[in-house]
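**Student:** Pasting data.tsv here (TSV, C-alpha atoms):
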```
chain	number	residue	atom	x	y	z
A	278	MET	CA	0.00	0.00	0.00
A	279	SER	CA	1.37	3.39	-0.92
A	280	LEU	CA	2.09	5.86	1.86
A	281	VAL	CA	-0.47	8.36	0.58
A	282	LYS	CA	-3.16	5.71	0.60
A	283	GLY	CA	-2.01	4.64	4.06
A	284	PHE	CA	-2.61	8.19	5.23
A	285	THR	CA	-5.93	8.91	3.54
A	286	LYS	CA	-7.56	5.62	4.52
A	287	GLY	CA	-7.83	6.89	8.09
A	288	LEU	CA	-9.57	10.06	6.96
A	289	TRP	CA	-12.50	8.45	5.17
A	290	ARG	CA	-12.43	4.82	4.00
A	291	GLU	CA	-11.41	3.47	7.41
A	292	ASN	CA	-12.35	6.48	9.53
A	293	ALA	CA	-12.13	5.28	13.11
A	294	VAL	CA	-15.39	6.78	14.32
A	295	PHE	CA	-17.63	6.82	11.24
A	296	ARG	CA	-16.50	3.64	9.49
A	297	LEU	CA	-14.92	1.34	12.10
A	298	LEU	CA	-17.03	2.67	15.00
A	299	LEU	CA	-13.98	2.60	17.28
A	300	GLY	CA	-13.28	5.05	20.09
A	301	LEU	CA	-16.94	5.95	20.48
A	302	CYS	CA	-16.76	6.64	24.22
A	303	PRO	CA	-14.68	9.85	23.92
A	304	ALA	CA	-16.30	10.65	20.56
A	305	LEU	CA	-19.73	10.83	22.16
A	306	ALA	CA	-18.78	12.10	25.61
A	307	VAL	CA	-16.60	15.15	25.00
A	308	THR	CA	-18.05	16.53	21.77
A	309	THR	CA	-20.26	19.16	23.38
A	310	SER	CA	-18.33	21.86	21.53
A	311	ALA	CA	-16.09	22.19	18.50
A	312	VAL	CA	-13.08	23.16	20.65
A	313	ASN	CA	-13.46	20.13	22.91
A	314	GLY	CA	-13.70	17.86	19.85
A	315	LEU	CA	-10.53	19.32	18.33
A	316	GLY	CA	-8.62	19.20	21.62
A	317	MET	CA	-9.54	15.59	22.29
A	318	GLY	CA	-8.76	14.69	18.67
A	319	PHE	CA	-5.29	16.23	18.70
A	320	ALA	CA	-4.45	14.72	22.10
A	321	THR	CA	-5.45	11.29	20.77
A	322	THR	CA	-3.52	11.84	17.52
A	323	PHE	CA	-0.38	12.72	19.46
A	324	VAL	CA	-0.66	9.56	21.58
A	325	LEU	CA	-1.44	7.44	18.53
A	326	VAL	CA	1.53	8.68	16.48
A	327	CYS	CA	3.96	8.37	19.42
A	328	SER	CA	2.78	4.90	20.41
A	329	ASN	CA	2.94	3.76	16.78
A	330	ILE	CA	6.53	5.07	16.54
A	331	VAL	CA	7.67	3.22	19.66
A	332	VAL	CA	5.73	0.03	18.93
A	333	ALA	CA	7.02	-0.12	15.34
A	334	SER	CA	10.62	0.52	16.47
A	335	LEU	CA	10.45	-2.16	19.15
A	336	ARG	CA	8.35	-4.66	17.19
A	337	LYS	CA	11.26	-7.12	16.85
A	338	VAL	CA	12.28	-6.79	20.49
A	339	ILE	CA	8.90	-7.24	22.16
A	340	PRO	CA	8.02	-10.94	22.53
A	341	ALA	CA	4.53	-11.80	21.29
A	342	ARG	CA	3.46	-13.11	24.66
A	343	VAL	CA	3.97	-9.82	26.50
A	344	ARG	CA	3.05	-7.50	23.63
A	345	ILE	CA	-0.29	-6.34	25.05
A	346	PRO	CA	1.11	-5.27	28.47
A	347	SER	CA	4.04	-3.63	26.66
A	348	PHE	CA	1.71	-1.68	24.37
A	349	ILE	CA	-0.42	-0.57	27.32
A	350	VAL	CA	2.62	0.68	29.25
A	351	ILE	CA	3.80	2.62	26.20
A	352	ILE	CA	0.35	4.10	25.51
A	353	ALA	CA	-0.28	4.96	29.17
A	354	SER	CA	3.07	6.78	29.37
A	355	PHE	CA	2.28	9.01	26.41
A	356	VAL	CA	-1.21	9.70	27.75
A	357	THR	CA	0.31	10.84	31.04
A	358	VAL	CA	2.74	13.07	29.12
A	359	VAL	CA	-0.20	14.63	27.25
A	360	GLN	CA	-2.14	15.10	30.46
A	361	LEU	CA	0.72	16.83	32.27
A	362	CYS	CA	1.59	19.08	29.32
A	363	MET	CA	-2.05	20.00	28.78
A	364	GLU	CA	-2.50	20.97	32.42
A	365	ALA	CA	0.69	23.02	32.32
A	366	TYR	CA	0.10	24.84	29.02
A	367	PHE	CA	-3.59	24.51	28.02
A	368	TYR	CA	-5.26	24.76	31.42
A	369	ASP	CA	-8.77	25.65	30.20
A	370	LEU	CA	-8.86	22.76	27.74
A	371	HIS	CA	-7.58	20.47	30.47
A	372	LYS	CA	-10.45	21.53	32.70
A	373	ALA	CA	-12.99	21.04	29.92
A	374	LEU	CA	-11.82	17.54	28.94
A	375	GLY	CA	-11.20	16.43	32.53
A	376	ILE	CA	-11.37	12.69	33.10
A	377	PHE	CA	-11.43	11.88	29.37
A	378	ILE	CA	-7.74	12.66	28.91
A	379	PRO	CA	-6.52	9.80	31.17
A	380	LEU	CA	-9.18	7.62	29.55
A	381	ILE	CA	-7.36	7.90	26.19
A	382	VAL	CA	-5.41	4.91	27.54
A	383	VAL	CA	-8.41	2.66	27.01
A	384	ASN	CA	-9.35	4.08	23.61
A	385	CYS	CA	-9.45	0.87	21.58
A	386	LEU	CA	-8.44	2.81	18.47
A	387	ILE	CA	-4.91	3.28	19.84
A	388	LEU	CA	-4.34	-0.27	21.06
A	389	GLY	CA	-6.02	-1.46	17.87
A	390	ARG	CA	-3.53	0.36	15.62
A	391	ALA	CA	-0.57	-0.78	17.74
A	392	GLU	CA	-1.70	-4.39	17.54
A	393	ALA	CA	-3.06	-4.52	13.99
A	394	TYR	CA	-0.61	-2.22	12.22
A	395	ALA	CA	2.43	-0.84	14.04
A	396	SER	CA	3.55	-4.19	15.46
A	397	ARG	CA	3.71	-5.66	11.93
A	398	ASN	CA	5.00	-2.76	9.83
A	399	PRO	CA	8.17	-0.64	9.60
A	400	LEU	CA	8.53	2.74	11.25
A	401	LEU	CA	7.56	5.13	8.44
A	402	PRO	CA	4.29	3.47	7.35
A	403	SER	CA	3.34	3.18	11.04
A	404	VAL	CA	3.83	6.92	11.58
A	405	ILE	CA	1.73	7.66	8.48
A	406	ASP	CA	-0.92	5.22	9.64
A	407	GLY	CA	-1.06	6.80	13.09
A	408	ALA	CA	-1.25	10.33	11.71
A	409	GLY	CA	-3.99	9.42	9.21
A	410	MET	CA	-6.05	7.51	11.74
A	411	GLY	CA	-5.57	10.23	14.36
A	412	LEU	CA	-6.54	13.06	12.03
A	413	GLY	CA	-9.55	11.07	10.85
A	414	PHE	CA	-10.55	10.70	14.49
A	415	THR	CA	-9.99	14.44	15.04
A	416	LEU	CA	-12.08	15.25	11.98
A	417	ALA	CA	-14.93	13.06	13.20
A	418	LEU	CA	-14.87	14.61	16.69
A	419	PHE	CA	-14.69	18.09	15.19
A	420	VAL	CA	-17.72	17.47	12.97
A	421	LEU	CA	-19.69	15.94	15.85
A	422	GLY	CA	-18.72	18.77	18.19
A	423	SER	CA	-19.50	21.48	15.63
A	424	VAL	CA	-22.96	20.13	14.82
A	425	ARG	CA	-23.84	19.72	18.48
A	426	GLU	CA	-22.52	23.15	19.45
A	427	LEU	CA	-24.08	24.88	16.45
A	428	PHE	CA	-27.61	23.58	16.98
A	429	GLY	CA	-27.45	22.82	20.69
A	430	VAL	CA	-26.09	26.17	21.87
A	431	GLY	CA	-26.26	28.29	18.72
A	432	THR	CA	-22.53	29.08	18.71
A	433	LEU	CA	-19.41	27.85	16.91
A	434	PHE	CA	-16.07	28.16	18.73
A	435	GLY	CA	-18.01	30.18	21.30
A	436	VAL	CA	-19.13	32.80	18.75
A	437	ALA	CA	-22.88	33.25	18.31
A	438	VAL	CA	-23.90	32.18	14.80
A	439	PHE	CA	-27.66	32.58	14.81
A	440	GLY	CA	-29.52	35.71	15.88
A	441	ALA	CA	-30.63	36.32	19.44
A	442	GLY	CA	-34.04	34.81	18.63
A	443	TYR	CA	-32.60	31.33	18.11
A	444	GLN	CA	-33.96	28.80	20.59
A	445	PRO	CA	-31.16	26.24	21.11
A	446	LEU	CA	-31.96	22.53	20.83
A	447	ILE	CA	-30.56	21.69	24.25
A	448	LEU	CA	-31.17	17.99	23.62
A	449	LEU	CA	-28.19	17.90	21.25
A	450	ILE	CA	-25.79	18.94	24.03
A	451	LEU	CA	-27.14	16.29	26.41
A	452	PRO	CA	-25.81	12.71	26.16
A	453	PRO	CA	-28.76	11.39	24.09
A	454	GLY	CA	-28.06	14.15	21.57
A	455	ALA	CA	-24.61	12.69	20.96
A	456	PHE	CA	-26.16	9.41	19.84
A	457	ILE	CA	-28.76	11.15	17.69
A	458	VAL	CA	-26.21	13.35	15.88
A	459	MET	CA	-23.89	10.37	15.49
A	460	GLY	CA	-26.70	8.30	13.95
A	461	LEU	CA	-27.65	11.04	11.52
A	462	LEU	CA	-24.02	11.56	10.45
A	463	LEU	CA	-23.56	7.80	9.95
A	464	ALA	CA	-26.72	7.63	7.86
A	465	GLY	CA	-25.45	10.55	5.78
A	466	MET	CA	-22.06	8.92	5.23
A	467	ASN	CA	-23.62	5.61	4.23
A	468	ARG	CA	-25.75	7.46	1.70
A	469	ILE	CA	-22.68	9.12	0.19
A	470	GLU	CA	-20.92	5.75	0.00
A	471	GLU	CA	-23.90	4.28	-1.87
A	472	PHE	CA	-23.75	7.06	-4.42
A	473	ARG	CA	-20.01	6.49	-4.98
A	474	LYS	CA	-20.53	2.82	-5.85
B	726	MET	CA	13.20	-20.77	31.36
B	727	LYS	CA	15.35	-18.64	29.12
B	728	GLU	CA	12.25	-17.49	27.25
B	729	MET	CA	10.64	-16.61	30.57
B	730	LEU	CA	13.63	-14.45	31.54
B	731	ARG	CA	13.42	-12.63	28.24
B	732	LEU	CA	9.75	-11.79	28.79
B	733	VAL	CA	10.49	-10.42	32.23
B	734	LEU	CA	13.53	-8.50	31.02
B	735	VAL	CA	11.79	-6.81	28.07
B	736	LEU	CA	8.75	-5.79	30.05
B	737	THR	CA	10.93	-4.49	32.89
B	738	LEU	CA	13.03	-2.44	30.49
B	739	ILE	CA	9.96	-0.93	28.83
B	740	ALA	CA	8.45	-0.04	32.20
B	741	ALA	CA	11.76	1.44	33.37
B	742	GLY	CA	12.03	3.54	30.20
B	743	ALA	CA	8.47	4.75	30.66
B	744	GLY	CA	9.18	5.61	34.29
B	745	LEU	CA	12.26	7.59	33.34
B	746	ILE	CA	10.45	9.62	30.68
B	747	LEU	CA	7.51	10.28	32.98
B	748	SER	CA	9.71	11.49	35.81
B	749	LEU	CA	11.43	13.92	33.43
B	750	VAL	CA	8.12	15.27	32.09
B	751	GLU	CA	6.65	15.51	35.58
B	752	GLY	CA	9.67	17.47	36.75
B	753	ALA	CA	9.47	19.86	33.80
B	754	THR	CA	5.74	20.53	34.14
B	755	ARG	CA	5.50	20.71	37.93
B	756	ALA	CA	6.25	24.44	38.19
B	757	PRO	CA	3.97	25.53	35.29
B	758	ILE	CA	1.09	23.43	36.67
B	759	ALA	CA	1.49	24.91	40.17
B	760	GLU	CA	1.57	28.38	38.58
B	761	GLN	CA	-1.60	27.67	36.55
B	762	ARG	CA	-3.44	26.57	39.68
B	763	ARG	CA	-2.23	29.64	41.58
B	764	GLN	CA	-3.31	31.92	38.73
B	765	GLU	CA	-6.74	30.30	38.76
B	766	THR	CA	-7.09	30.97	42.49
B	767	LEU	CA	-5.88	34.54	42.03
B	768	ARG	CA	-8.34	35.17	39.18
B	769	ALA	CA	-11.19	33.91	41.33
B	770	LEU	CA	-10.00	35.94	44.33
B	771	SER	CA	-9.80	39.18	42.40
B	772	ALA	CA	-13.28	38.53	40.99
B	773	VAL	CA	-14.94	38.07	44.38
B	774	LEU	CA	-13.02	40.40	46.72
B	775	PRO	CA	-13.28	44.17	47.01
B	776	PRO	CA	-10.11	46.00	45.88
B	777	THR	CA	-7.06	44.88	47.85
B	778	ASP	CA	-3.42	45.89	47.96
B	779	ASN	CA	-2.03	42.71	49.52
B	780	SER	CA	-1.78	39.16	48.14
B	781	PRO	CA	-4.84	37.42	49.58
B	782	ASP	CA	-3.48	34.01	48.60
B	783	GLU	CA	-0.58	34.56	51.00
B	784	ASP	CA	-2.69	35.87	53.88
B	785	THR	CA	-4.81	32.90	54.87
B	786	VAL	CA	-6.33	31.27	57.92
B	787	SER	CA	-7.46	27.65	57.92
B	788	LEU	CA	-10.23	26.53	60.24
B	789	ILE	CA	-11.43	23.03	60.96
B	790	THR	CA	-14.98	22.54	59.66
B	791	GLY	CA	-15.58	18.96	60.71
B	792	LYS	CA	-14.60	15.41	59.93
B	793	ASP	CA	-15.32	13.35	56.85
B	794	ARG	CA	-16.69	9.83	56.94
B	795	ARG	CA	-13.25	8.30	57.46
B	796	GLY	CA	-12.54	10.57	60.41
B	797	ARG	CA	-10.08	12.89	58.65
B	798	THR	CA	-10.42	16.52	59.61
B	799	LEU	CA	-11.76	18.87	56.95
B	800	THR	CA	-10.46	22.40	56.85
B	801	ARG	CA	-11.60	25.51	55.06
B	802	THR	CA	-9.12	28.16	54.00
B	803	PHE	CA	-10.04	31.82	54.30
B	804	PHE	CA	-8.21	34.30	52.08
B	805	ARG	CA	-8.00	37.76	53.57
B	806	GLY	CA	-7.89	40.86	51.44
B	807	ARG	CA	-6.52	44.06	52.96
B	808	GLN	CA	-6.28	47.66	51.99
B	809	ALA	CA	-3.69	49.79	53.81
B	810	GLY	CA	-3.43	47.02	56.39
B	811	GLU	CA	-7.14	47.05	57.19
B	812	LEU	CA	-9.22	43.96	56.44
B	813	SER	CA	-11.37	44.78	53.40
B	814	GLY	CA	-12.78	41.38	52.56
B	815	VAL	CA	-12.61	37.65	53.13
B	816	ALA	CA	-12.90	34.94	50.47
B	817	PHE	CA	-13.44	31.23	50.98
B	818	THR	CA	-14.49	28.18	49.04
B	819	VAL	CA	-17.71	26.33	49.72
B	820	VAL	CA	-18.66	23.04	48.14
B	821	ALA	CA	-22.27	22.20	47.28
B	822	PRO	CA	-22.52	18.41	47.47
B	823	ASP	CA	-26.11	18.36	46.20
B	824	GLY	CA	-25.72	19.60	42.63
B	825	TYR	CA	-27.38	17.78	39.74
B	826	SER	CA	-24.18	15.94	38.87
B	827	GLY	CA	-21.35	16.01	41.35
B	828	ASN	CA	-19.99	18.69	43.62
B	829	ILE	CA	-20.08	22.38	42.80
B	830	ALA	CA	-17.13	24.36	44.16
B	831	ILE	CA	-17.87	28.03	44.73
B	832	MET	CA	-15.58	30.87	45.80
B	833	VAL	CA	-17.43	33.40	47.93
B	834	GLY	CA	-16.11	36.87	48.71
B	835	ILE	CA	-17.62	38.95	51.51
B	836	ASP	CA	-16.86	42.19	53.27
B	837	PRO	CA	-15.92	42.01	56.99
B	838	GLN	CA	-19.58	42.52	57.98
B	839	GLY	CA	-20.65	39.41	56.09
B	840	THR	CA	-22.24	40.96	52.98
B	841	VAL	CA	-21.49	39.14	49.72
B	842	VAL	CA	-19.24	41.06	47.35
B	843	GLY	CA	-19.01	38.42	44.64
B	844	VAL	CA	-19.20	34.72	43.94
B	845	GLU	CA	-17.37	32.64	41.37
B	846	ILE	CA	-18.07	29.06	40.30
B	847	LEU	CA	-14.74	27.20	40.40
B	848	ASN	CA	-15.73	23.68	39.42
B	849	HIS	CA	-18.91	21.95	38.39
B	850	ALA	CA	-20.22	19.17	36.19
B	851	GLU	CA	-23.78	20.47	35.71
B	852	THR	CA	-25.66	19.84	32.49
B	853	PRO	CA	-24.38	22.01	29.63
B	854	GLY	CA	-27.07	24.41	28.47
B	855	LEU	CA	-29.19	23.98	31.62
B	856	GLY	CA	-27.53	23.75	35.03
B	857	ASP	CA	-24.28	25.27	33.81
B	858	LYS	CA	-26.05	28.63	33.57
B	859	ILE	CA	-24.95	29.04	37.21
B	860	THR	CA	-21.65	30.25	35.72
B	861	GLN	CA	-23.32	33.12	33.85
B	862	PRO	CA	-22.85	36.68	35.14
B	863	TRP	CA	-26.56	37.37	35.80
B	864	PHE	CA	-26.74	34.40	38.13
B	865	LYS	CA	-23.58	35.29	40.04
B	866	GLN	CA	-24.64	38.95	40.27
B	867	MET	CA	-27.78	37.97	42.22
B	868	PHE	CA	-25.76	37.38	45.37
B	869	LYS	CA	-24.03	40.75	45.38
B	870	GLY	CA	-25.02	42.88	48.38
B	871	ARG	CA	-26.89	40.03	50.04
B	872	SER	CA	-26.18	38.95	53.59
B	873	LEU	CA	-27.76	36.68	56.19
B	874	LYS	CA	-29.79	39.63	57.44
B	875	ASN	CA	-31.24	41.04	54.23
B	876	ALA	CA	-32.09	37.95	52.20
B	877	ASP	CA	-34.11	34.77	52.37
B	878	TRP	CA	-31.55	32.19	51.24
B	879	ARG	CA	-33.78	29.95	49.15
B	880	VAL	CA	-34.68	29.87	45.48
B	881	LYS	CA	-38.03	31.39	44.53
B	882	LYS	CA	-39.58	27.98	43.95
B	883	ASP	CA	-38.91	27.16	47.62
B	884	GLY	CA	-40.30	30.51	48.81
B	885	GLY	CA	-37.01	32.43	48.87
B	886	GLU	CA	-35.87	35.26	46.67
B	887	PHE	CA	-33.19	33.88	44.37
B	888	ASP	CA	-34.12	33.17	40.76
B	889	GLN	CA	-33.83	29.58	39.70
B	890	ILE	CA	-33.02	28.64	36.12
B	891	THR	CA	-35.81	27.48	33.81
B	892	GLY	CA	-35.49	23.72	33.52
B	893	ALA	CA	-32.83	23.49	36.20
B	894	THR	CA	-33.79	24.16	39.81
B	895	ILE	CA	-31.43	21.71	41.48
B	896	SER	CA	-28.19	23.50	40.56
B	897	PRO	CA	-29.23	26.99	41.76
B	898	ARG	CA	-30.77	25.49	44.91
B	899	ALA	CA	-27.46	23.77	45.68
B	900	VAL	CA	-25.46	26.96	45.05
B	901	VAL	CA	-27.75	29.15	47.18
B	902	GLY	CA	-27.67	26.59	50.01
B	903	ALA	CA	-23.89	26.26	49.94
B	904	ILE	CA	-23.31	30.02	50.01
B	905	HIS	CA	-25.77	30.32	52.88
B	906	ASP	CA	-23.91	27.64	54.86
B	907	GLY	CA	-20.64	29.45	54.17
B	908	LEU	CA	-22.05	32.73	55.50
B	909	GLU	CA	-23.32	30.97	58.63
B	910	PHE	CA	-19.88	29.47	59.16
B	911	TYR	CA	-18.27	32.88	58.77
B	912	LYS	CA	-20.69	34.41	61.26
B	913	ALA	CA	-19.93	31.71	63.83
B	914	HIS	CA	-16.16	31.93	63.42
B	915	ARG	CA	-15.71	35.60	62.63
B	916	ASP	CA	-13.50	36.35	65.64
B	917	GLU	CA	-11.03	33.60	64.80
B	918	LEU	CA	-10.61	35.04	61.30
B	919	LEU	CA	-9.86	38.57	62.31
B	920	VAL	CA	-6.52	37.71	63.95
B	921	PRO	CA	-3.61	39.86	62.73
B	922	ALA	CA	-1.78	39.26	59.46
B	923	GLY	CA	0.42	36.24	59.24
B	924	GLY	CA	-2.04	33.51	60.09
B	925	ASP	CA	-0.95	30.23	58.63
B	926	GLN	CA	1.23	29.98	55.59
B	927	PRO	CA	-0.12	28.09	52.60
```
Any chance you could put this one into structure tokens?
**Tutor:**
Amino acid sequence: MSLVKGFTKGLWRENAVFRLLLGLCPALAVTTSAVNGLGMGFATTFVLVCSNIVVASLRKVIPARVRIPSFIVIIASFVTVVQLCMEAYFYDLHKALGIFIPLIVVNCLILGRAEAYASRNPLLPSVIDGAGMGLGFTLALFVLGSVRELFGVGTLFGVAVFGAGYQPLILLILPPGAFIVMGLLLAGMNRIEEFRK
Amino acid sequence: MKEMLRLVLVLTLIAAGAGLILSLVEGATRAPIAEQRRQETLRALSAVLPPTDNSPDEDTVSLITGKDRRGRTLTRTFFRGRQAGELSGVAFTVVAPDGYSGNIAIMVGIDPQGTVVGVEILNHAETPGLGDKITQPWFKQMFKGRSLKNADWRVKKDGGEFDQITGATISPRAVVGAIHDGLEFYKAHRDELLVPAGGDQP
């Protein structure tokens, strides 16, 4: 597979959230605003790229029987790095994302890429794979967050979009709204796929 | 056996490497994180206290408020604002345990007579779009100028005089109740708080 294809597959064809339905817990929980979606997406992308780098570099050293604990230690370390740096330099985002930053550890997308891709491929394709998958995840969270913020609060990036008369659909900000928006977006994407065939 | 040793060795090395990296990152971010937390406290203090010319976060008194379920003592820290050496206001944090989802931490600033100067919501997990309106200025402004003497500390729905939020009564009720408890505590312990500067060091 060419490197370009390896990158773009994560954006659409194998998009983690919309196509593989992986990593749904953070995707549904933190996407109450566009900023939160982007922040969570970039944090996950960073962890994914770093863990893919280390796993791919060490793939011949790590024995198969202890690979899962090894991957988890590697992933958990990078998550802690992200958490500390975010609290030190992006304090407001850290407060908004709260418990979901440490929970990146159990995002099956990251362990999934380490196990299914990085542990079997050389360094460069693994980096590309991680970046593509991570940005696809970011894109999905950004779209979810934007739709929910736009119609649920009437703002985008905190800036009012509709006039003062707009009555926000608060349901979209509440947890059930995450599922509803997600379902509508999935339906839309399936429709587009049907047209492409 | 040899295979077993290799498993142990590899996993140990990975964990050791991770530990090393984490200790370096923790060391590098410790000071900025402490500074961020201090800035957050200072922002809240300057929002709820009348004008001061000292550093209220360095002029504090801690009082014991009770014990938690495991028997550990709970303390509450009072930040004292001064102007030209005279006490101009006191700020303290109250926690409302009965919010809609989780605790609500509130910073309350009062003048020495016990009248509210300002309140600031520090932490909450209330529903976005409903209960989280407690962070909006109009809600926080309601408490300004109120004291134990001149206000009925209940939301309107319960017969008091503080506006609740349409669709979310639990959050405002919790906030009003917590501020009220804080004012009562201040009234009961006022003398202990007015000791000269110095107090305890944070």
**Student:** Determine which residues of chain A sit within 9 Å of chain B, taking into account only C-alpha atoms, and present them as a PDB file with C-alpha atoms, keeping the file's coordinate frame.
**Tutor:**
```pdb
ATOM      1  CA  THR A 309     -20.260  19.160  23.380  1.00  0.00           C
ATOM      2  CA  VAL A 338      12.280  -6.790  20.490  1.00  0.00           C
ATOM      3  CA  ILE A 339       8.900  -7.240  22.160  1.00  0.00           C
ATOM      4  CA  PRO A 340       8.020 -10.940  22.530  1.00  0.00           C
ATOM      5  CA  ARG A 342       3.460 -13.110  24.660  1.00  0.00           C
ATOM      6  CA  VAL A 343       3.970  -9.820  26.500  1.00  0.00           C
ATOM      7  CA  ARG A 344       3.050  -7.500  23.630  1.00  0.00           C
ATOM      8  CA  PRO A 346       1.110  -5.270  28.470  1.00  0.00           C
ATOM      9  CA  SER A 347       4.040  -3.630  26.660  1.00  0.00           C
ATOM     10  CA  VAL A 350       2.620   0.680  29.250  1.00  0.00           C
ATOM     11  CA  ILE A 351       3.800   2.620  26.200  1.00  0.00           C
ATOM     12  CA  ALA A 353      -0.280   4.960  29.170  1.00  0.00           C
ATOM     13  CA  SER A 354       3.070   6.780  29.370  1.00  0.00           C
ATOM     14  CA  PHE A 355       2.280   9.010  26.410  1.00  0.00           C
ATOM     15  CA  THR A 357       0.310  10.840  31.040  1.00  0.00           C
ATOM     16  CA  VAL A 358       2.740  13.070  29.120  1.00  0.00           C
ATOM     17  CA  LEU A 361       0.720  16.830  32.270  1.00  0.00           C
ATOM     18  CA  CYS A 362       1.590  19.080  29.320  1.00  0.00           C
ATOM     19  CA  GLU A 364      -2.500  20.970  32.420  1.00  0.00           C
ATOM     20  CA  ALA A 365       0.690  23.020  32.320  1.00  0.00           C
ATOM     21  CA  TYR A 366       0.100  24.840  29.020  1.00  0.00           C
ATOM     22  CA  TYR A 368      -5.260  24.760  31.420  1.00  0.00           C
ATOM     23  CA  LYS A 372     -10.450  21.530  32.700  1.00  0.00           C
ATOM     24  CA  GLY A 429     -27.450  22.820  20.690  1.00  0.00           C
ATOM     25  CA  VAL A 430     -26.090  26.170  21.870  1.00  0.00           C
ATOM     26  CA  PRO A 445     -31.160  26.240  21.110  1.00  0.00           C
ATOM     27  CA  ILE A 447     -30.560  21.690  24.250  1.00  0.00           C
ATOM     28  CA  ILE A 450     -25.790  18.940  24.030  1.00  0.00           C
ATOM     29  CA  LEU A 451     -27.140  16.290  26.410  1.00  0.00           C
TER      30      LEU A 451
END
```
**Student:** Within 12 Å of Leu305 in chain A, counting all atoms listed in the file, which residues show up once you throw out same-chain ones fewer than 2 positions away? Write them as a count of residues only, please.
**Tutor:** 36
**Student:** Compile the contact shell of range 829-844 of chain B as an MDAnalysis selection string: residues with an atom at most 9 Å away, counting all atoms listed in the file, same-chain residues fewer than 5 positions apart removed.
**Tutor:** chainID B and resid 769:770 772:775 804 812:824 849:851 865:866 868:874 896 899:900 903:904 907:908 911:912 915 919
**Student:** Could you jot down the CA of Thr798 in chain B to CA of Leu847 in chain B separation for me, Å, one decimal place?
**Tutor:** 22.4 Å
**Student:** CA of Leu388 in chain A and CA of Asn329 in chain A, how far apart in Å?
**Tutor:**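 Interatomic distance, CA of Asn329 in chain A to CA of Leu388 in chain A: 9.4 Å.
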**Student:** CA of Asn828 in chain B and CA of Thr894 in chain B are how many Å apart?
**Tutor:**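 Atom-to-atom, CA of Asn828 in chain B to CA of Thr894 in chain B, that is 15.3 Å.
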**Student:** Which residues come within 8 Å of Gln360 in chain A, counting all atoms listed in the file, excluding same-chain residues fewer than 5 positions away, as an MDAnalysis selection string?
**Tutor:** chainID A and resid 371 378:379
**Student:** Save the residues we just selected, C-alpha atoms, as a PDB file, in the frame of the given file?
**Tutor:**
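This went into result-v9.pdb:
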```
ATOM      1  CA  HIS A 371      -7.580  20.470  30.470  1.00  0.00           C
ATOM      2  CA  ILE A 378      -7.740  12.660  28.910  1.00  0.00           C
ATOM      3  CA  PRO A 379      -6.520   9.800  31.170  1.00  0.00           C
TER       4      PRO A 379
END
```
**Student:** May I have the residues within 12 Å of Gly885 in chain B as a ChimeraX atom specification, using all atoms listed in the file and disregarding those fewer than 5 positions away in the same chain?
**Tutor:** /B:875-880,897-898,901-902
**Student:** Which residue gives the smallest distance to Ile405 in chain A among A:Ile330, A:Leu297, A:Ala464, A:Val382, with only C-alpha atoms counted?
**Tutor:** A:Ile330
**Student:** Need to verify the contact set: Phe348 in chain A, 9 Å, all atoms listed in the file, exclusion of same-chain residues closer than 6 positions in sequence. Can you return it as a ChimeraX atom specification?
**Tutor:** /A:328,332,388,391-392
**Student:** Could you check the closest approach to Leu400 in chain A for each of A:Val424, A:Lys337, A:Cys385, A:Leu374 and tell me which residue wins, using only C-alpha atoms?
**Tutor:**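 Closest candidate: A:Lys337.
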**Student:** Would you list the residues near (6.1, -1.6, 7.6) (no more than 12 Å away, in the coordinates of the file, using all atoms listed in the file) as a PyMOL selection string?
**Tutor:** chain A and resi 278-280+283+329-330+332-334+336-337+393-406
**Student:** Store the residues of this selection in a file with C-alpha atoms, as a PDB file, keeping the file's coordinate frame.
**Tutor:**
```pdb
ATOM      1  CA  MET A 278       0.000   0.000   0.000  1.00  0.00           C
ATOM      2  CA  SER A 279       1.370   3.390  -0.920  1.00  0.00           C
ATOM      3  CA  LEU A 280       2.090   5.860   1.860  1.00  0.00           C
ATOM      4  CA  GLY A 283      -2.010   4.640   4.060  1.00  0.00           C
ATOM      5  CA  ASN A 329       2.940   3.760  16.780  1.00  0.00           C
ATOM      6  CA  ILE A 330       6.530   5.070  16.540  1.00  0.00           C
ATOM      7  CA  VAL A 332       5.730   0.030  18.930  1.00  0.00           C
ATOM      8  CA  ALA A 333       7.020  -0.120  15.340  1.00  0.00           C
ATOM      9  CA  SER A 334      10.620   0.520  16.470  1.00  0.00           C
ATOM     10  CA  ARG A 336       8.350  -4.660  17.190  1.00  0.00           C
ATOM     11  CA  LYS A 337      11.260  -7.120  16.850  1.00  0.00           C
ATOM     12  CA  ALA A 393      -3.060  -4.520  13.990  1.00  0.00           C
ATOM     13  CA  TYR A 394      -0.610  -2.220  12.220  1.00  0.00           C
ATOM     14  CA  ALA A 395       2.430  -0.840  14.040  1.00  0.00           C
ATOM     15  CA  SER A 396       3.550  -4.190  15.460  1.00  0.00           C
ATOM     16  CA  ARG A 397       3.710  -5.660  11.930  1.00  0.00           C
ATOM     17  CA  ASN A 398       5.000  -2.760   9.830  1.00  0.00           C
ATOM     18  CA  PRO A 399       8.170  -0.640   9.600  1.00  0.00           C
ATOM     19  CA  LEU A 400       8.530   2.740  11.250  1.00  0.00           C
ATOM     20  CA  LEU A 401       7.560   5.130   8.440  1.00  0.00           C
ATOM     21  CA  PRO A 402       4.290   3.470   7.350  1.00  0.00           C
ATOM     22  CA  SER A 403       3.340   3.180  11.040  1.00  0.00           C
ATOM     23  CA  VAL A 404       3.830   6.920  11.580  1.00  0.00           C
ATOM     24  CA  ILE A 405       1.730   7.660   8.480  1.00  0.00           C
ATOM     25  CA  ASP A 406      -0.920   5.220   9.640  1.00  0.00           C
TER      26      ASP A 406
END
```
